[in-house]
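Written out below as structure tokens is the structure these notes cover.
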Amino acid sequence: MHYFVGEDEDKEIAERAVAKMPMQRPWSLDRLIAELSLQRGRPIVIAPLQHKPKLSGEVSGLWVPREDRDLVFYRAGATGMQRDAIICHELGHIVLSHGRLSREAVARYNSRLNSRLPREMITRFSTPLCLMRSQYEEPVERQAEWFSRILLEKGSELTAPLVPEDASPRHRRMLERAARAFGWDQ
């Protein structure tokens, strides 16, 4: 069941983007980030939101593009799958080029997040390159969330054992040889 207009299109956009990602065994999020950094010619730096306690409590993830690098922040204390989901969501914004939104579109988005602030202040200080993971009313947020889900699912498939536990000894040897030939870890 879909709750938002355009959700099917948002999912398709994310699926197409994930299909173009450098996904191979042995898969890891760190390796993917390194490969994306090389492809884009600029580092992607991952860090917790430690120095902004108020922001860290309200925001789970944040992408801040700089001239020479992309900064991706995740909620301090987030670990494991939660941390990976936050990071992949922000990577979705990067890969899907969501930083190219107009200043006015970002101001509208940020004013929903910060409804207590005057709109003039939000417009004046909003950068067209900074989006926060939050509600999914905006298509860019839904696309980034679909990207994260699909990417992590595909990554999970690439980290699953190559040799099923119930494999016969013959099949086990064959699969283990194939894995070694391709440099894949078990």
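Going through the structure tokens in order, the chains are called A, B, and so on, while each chain numbers its residues from 1 and the ligands are numbered from 1 in the order shown.
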Asp30 of chain A surroundings by only C-alpha atoms, 12 Å radius, close-in-sequence under 3 positions cut, as an MDAnalysis selection string:
chainID A and resid 23 26:27 33:37 44:46 84 87:88 91 155
Written file, previous selection with all heavy atoms, as a compact mmCIF listing (two decimals), in the first residue's frame:
```txt
# COMPACT_ATOMS: atom_id res chain seq x y z
N MET A 23 28.58 -2.73 -7.09
CA MET A 23 28.24 -3.76 -6.10
C MET A 23 28.91 -5.07 -6.49
O MET A 23 28.62 -5.61 -7.55
CB MET A 23 26.72 -3.96 -6.05
CG MET A 23 25.91 -2.71 -5.75
SD MET A 23 26.03 -2.18 -4.05
CE MET A 23 25.09 -3.42 -3.24
N PRO A 26 33.75 -9.06 -2.21
CA PRO A 26 33.04 -8.98 -0.94
C PRO A 26 32.51 -7.57 -0.74
O PRO A 26 33.24 -6.59 -0.89
CB PRO A 26 34.12 -9.31 0.09
CG PRO A 26 35.41 -8.92 -0.57
CD PRO A 26 35.20 -9.09 -2.05
N TRP A 27 31.23 -7.44 -0.44
CA TRP A 27 30.59 -6.14 -0.32
C TRP A 27 30.71 -5.61 1.09
O TRP A 27 30.58 -6.35 2.06
CB TRP A 27 29.10 -6.22 -0.68
CG TRP A 27 28.46 -4.87 -0.75
CD1 TRP A 27 28.45 -4.05 -1.83
CD2 TRP A 27 27.76 -4.18 0.28
NE1 TRP A 27 27.79 -2.88 -1.54
CE2 TRP A 27 27.35 -2.93 -0.24
CE3 TRP A 27 27.44 -4.46 1.60
CZ2 TRP A 27 26.65 -2.00 0.48
CZ3 TRP A 27 26.74 -3.53 2.34
CH2 TRP A 27 26.35 -2.31 1.77
N ILE A 33 31.63 3.24 -0.24
CA ILE A 33 31.91 4.66 -0.06
C ILE A 33 33.24 5.03 -0.71
O ILE A 33 33.35 6.06 -1.39
CB ILE A 33 31.89 5.03 1.44
CG1 ILE A 33 30.46 4.91 1.98
CG2 ILE A 33 32.45 6.44 1.68
CD1 ILE A 33 30.36 4.91 3.50
N ALA A 34 34.24 4.19 -0.54
CA ALA A 34 35.55 4.45 -1.16
C ALA A 34 35.43 4.45 -2.69
O ALA A 34 35.98 5.33 -3.36
CB ALA A 34 36.56 3.39 -0.72
N GLU A 35 34.69 3.50 -3.24
CA GLU A 35 34.52 3.43 -4.70
C GLU A 35 33.73 4.63 -5.23
O GLU A 35 34.07 5.19 -6.27
CB GLU A 35 33.87 2.11 -5.09
CG GLU A 35 34.81 0.93 -4.90
CD GLU A 35 34.21 -0.40 -5.31
OE1 GLU A 35 33.29 -0.43 -6.14
OE2 GLU A 35 34.68 -1.42 -4.79
N LEU A 36 32.68 5.03 -4.50
CA LEU A 36 31.93 6.22 -4.91
C LEU A 36 32.80 7.47 -4.87
O LEU A 36 32.71 8.33 -5.75
CB LEU A 36 30.70 6.43 -4.01
CG LEU A 36 29.48 5.60 -4.30
CD1 LEU A 36 28.40 5.82 -3.23
CD2 LEU A 36 28.93 5.94 -5.67
N SER A 37 33.62 7.57 -3.84
CA SER A 37 34.54 8.72 -3.73
C SER A 37 35.46 8.78 -4.93
O SER A 37 35.68 9.85 -5.51
CB SER A 37 35.36 8.62 -2.44
OG SER A 37 34.54 8.73 -1.31
N ILE A 44 34.10 11.13 0.29
CA ILE A 44 32.88 11.16 1.10
C ILE A 44 33.34 10.81 2.51
O ILE A 44 33.85 9.73 2.76
CB ILE A 44 31.84 10.13 0.60
CG1 ILE A 44 31.42 10.45 -0.84
CG2 ILE A 44 30.63 10.11 1.52
CD1 ILE A 44 30.57 9.38 -1.50
N VAL A 45 33.18 11.76 3.41
CA VAL A 45 33.63 11.61 4.79
C VAL A 45 32.43 11.29 5.67
O VAL A 45 31.43 12.02 5.65
CB VAL A 45 34.34 12.89 5.29
CG1 VAL A 45 34.80 12.74 6.72
CG2 VAL A 45 35.50 13.25 4.36
N ILE A 46 32.51 10.21 6.44
CA ILE A 46 31.43 9.77 7.31
C ILE A 46 31.81 10.08 8.75
O ILE A 46 32.93 9.76 9.18
CB ILE A 46 31.18 8.25 7.16
CG1 ILE A 46 31.04 7.85 5.70
CG2 ILE A 46 29.98 7.83 8.00
CD1 ILE A 46 29.86 8.40 4.99
N ASP A 84 24.09 2.14 9.26
CA ASP A 84 24.23 1.90 7.82
C ASP A 84 23.05 2.45 7.04
O ASP A 84 23.22 3.02 5.96
CB ASP A 84 24.40 0.40 7.55
CG ASP A 84 25.72 -0.14 8.06
OD1 ASP A 84 26.58 0.65 8.50
OD2 ASP A 84 25.88 -1.38 8.02
N ILE A 87 23.40 6.25 6.81
CA ILE A 87 24.47 6.60 5.87
C ILE A 87 24.02 6.34 4.43
O ILE A 87 24.21 7.19 3.54
CB ILE A 87 25.77 5.84 6.19
CG1 ILE A 87 26.34 6.35 7.52
CG2 ILE A 87 26.79 5.98 5.06
CD1 ILE A 87 27.46 5.49 8.08
N CYS A 88 23.39 5.19 4.19
CA CYS A 88 22.93 4.87 2.83
C CYS A 88 21.86 5.84 2.36
O CYS A 88 21.80 6.19 1.17
CB CYS A 88 22.43 3.43 2.75
SG CYS A 88 23.77 2.23 2.81
N LEU A 91 23.77 8.80 1.29
CA LEU A 91 24.43 8.48 0.01
C LEU A 91 23.41 8.55 -1.13
O LEU A 91 23.76 8.95 -2.25
CB LEU A 91 25.05 7.09 0.06
CG LEU A 91 26.27 6.90 0.95
CD1 LEU A 91 26.70 5.44 0.95
CD2 LEU A 91 27.41 7.81 0.53
N GLY A 155 23.26 -5.31 -0.84
CA GLY A 155 24.51 -5.55 -0.11
C GLY A 155 24.41 -6.79 0.76
O GLY A 155 25.36 -7.57 0.86
```
With 6 Å as the cut-off and only C-alpha atoms counted, what is the closest atom pair between each nearby residue of segment 26-104 of chain A and segment 143-154 of chain A? Distances in Å to one decimal, ordered by chain and number, as JSON lines.
```
{"residue": "A:Ala85", "atom": "CA", "partner": "A:Ser148", "partner_atom": "CA", "distance": 5.9}
{"residue": "A:Cys88", "atom": "CA", "partner": "A:Ser148", "partner_atom": "CA", "distance": 4.7}
{"residue": "A:His89", "atom": "CA", "partner": "A:Ser148", "partner_atom": "CA", "distance": 4.7}
{"residue": "A:Gly92", "atom": "CA", "partner": "A:Ala144", "partner_atom": "CA", "distance": 4.5}
{"residue": "A:His93", "atom": "CA", "partner": "A:Ala144", "partner_atom": "CA", "distance": 5.6}
```
Grab the residues selected above and save them as a compact mmCIF listing (two decimals), in the first residue's frame with N, CA, C and O atoms.
```txt
# COMPACT_ATOMS: atom_id res chain seq x y z
N ALA A 85 21.84 2.28 7.58
CA ALA A 85 20.64 2.79 6.90
C ALA A 85 20.68 4.32 6.80
O ALA A 85 20.33 4.89 5.76
N CYS A 88 23.39 5.19 4.19
CA CYS A 88 22.93 4.87 2.83
C CYS A 88 21.86 5.84 2.36
O CYS A 88 21.80 6.19 1.17
N HIS A 89 21.02 6.30 3.26
CA HIS A 89 20.01 7.31 2.91
C HIS A 89 20.71 8.58 2.42
O HIS A 89 20.35 9.14 1.38
N GLY A 92 22.18 8.18 -0.85
CA GLY A 92 21.12 8.29 -1.85
C GLY A 92 20.97 9.72 -2.34
O GLY A 92 20.83 9.97 -3.54
N HIS A 93 21.00 10.67 -1.41
CA HIS A 93 20.91 12.08 -1.81
C HIS A 93 22.08 12.45 -2.73
O HIS A 93 21.91 13.16 -3.71
```
Do you know which residues are at most 10 Å from Glu90 of chain A counting only C-alpha atoms, after dropping those on the same chain fewer than 6 positions away, and could you put them as a VMD selection string?
chain A and resid 61 to 64 71 to 74 84 96 98 131 to 133 141 144 to 145 147 to 148
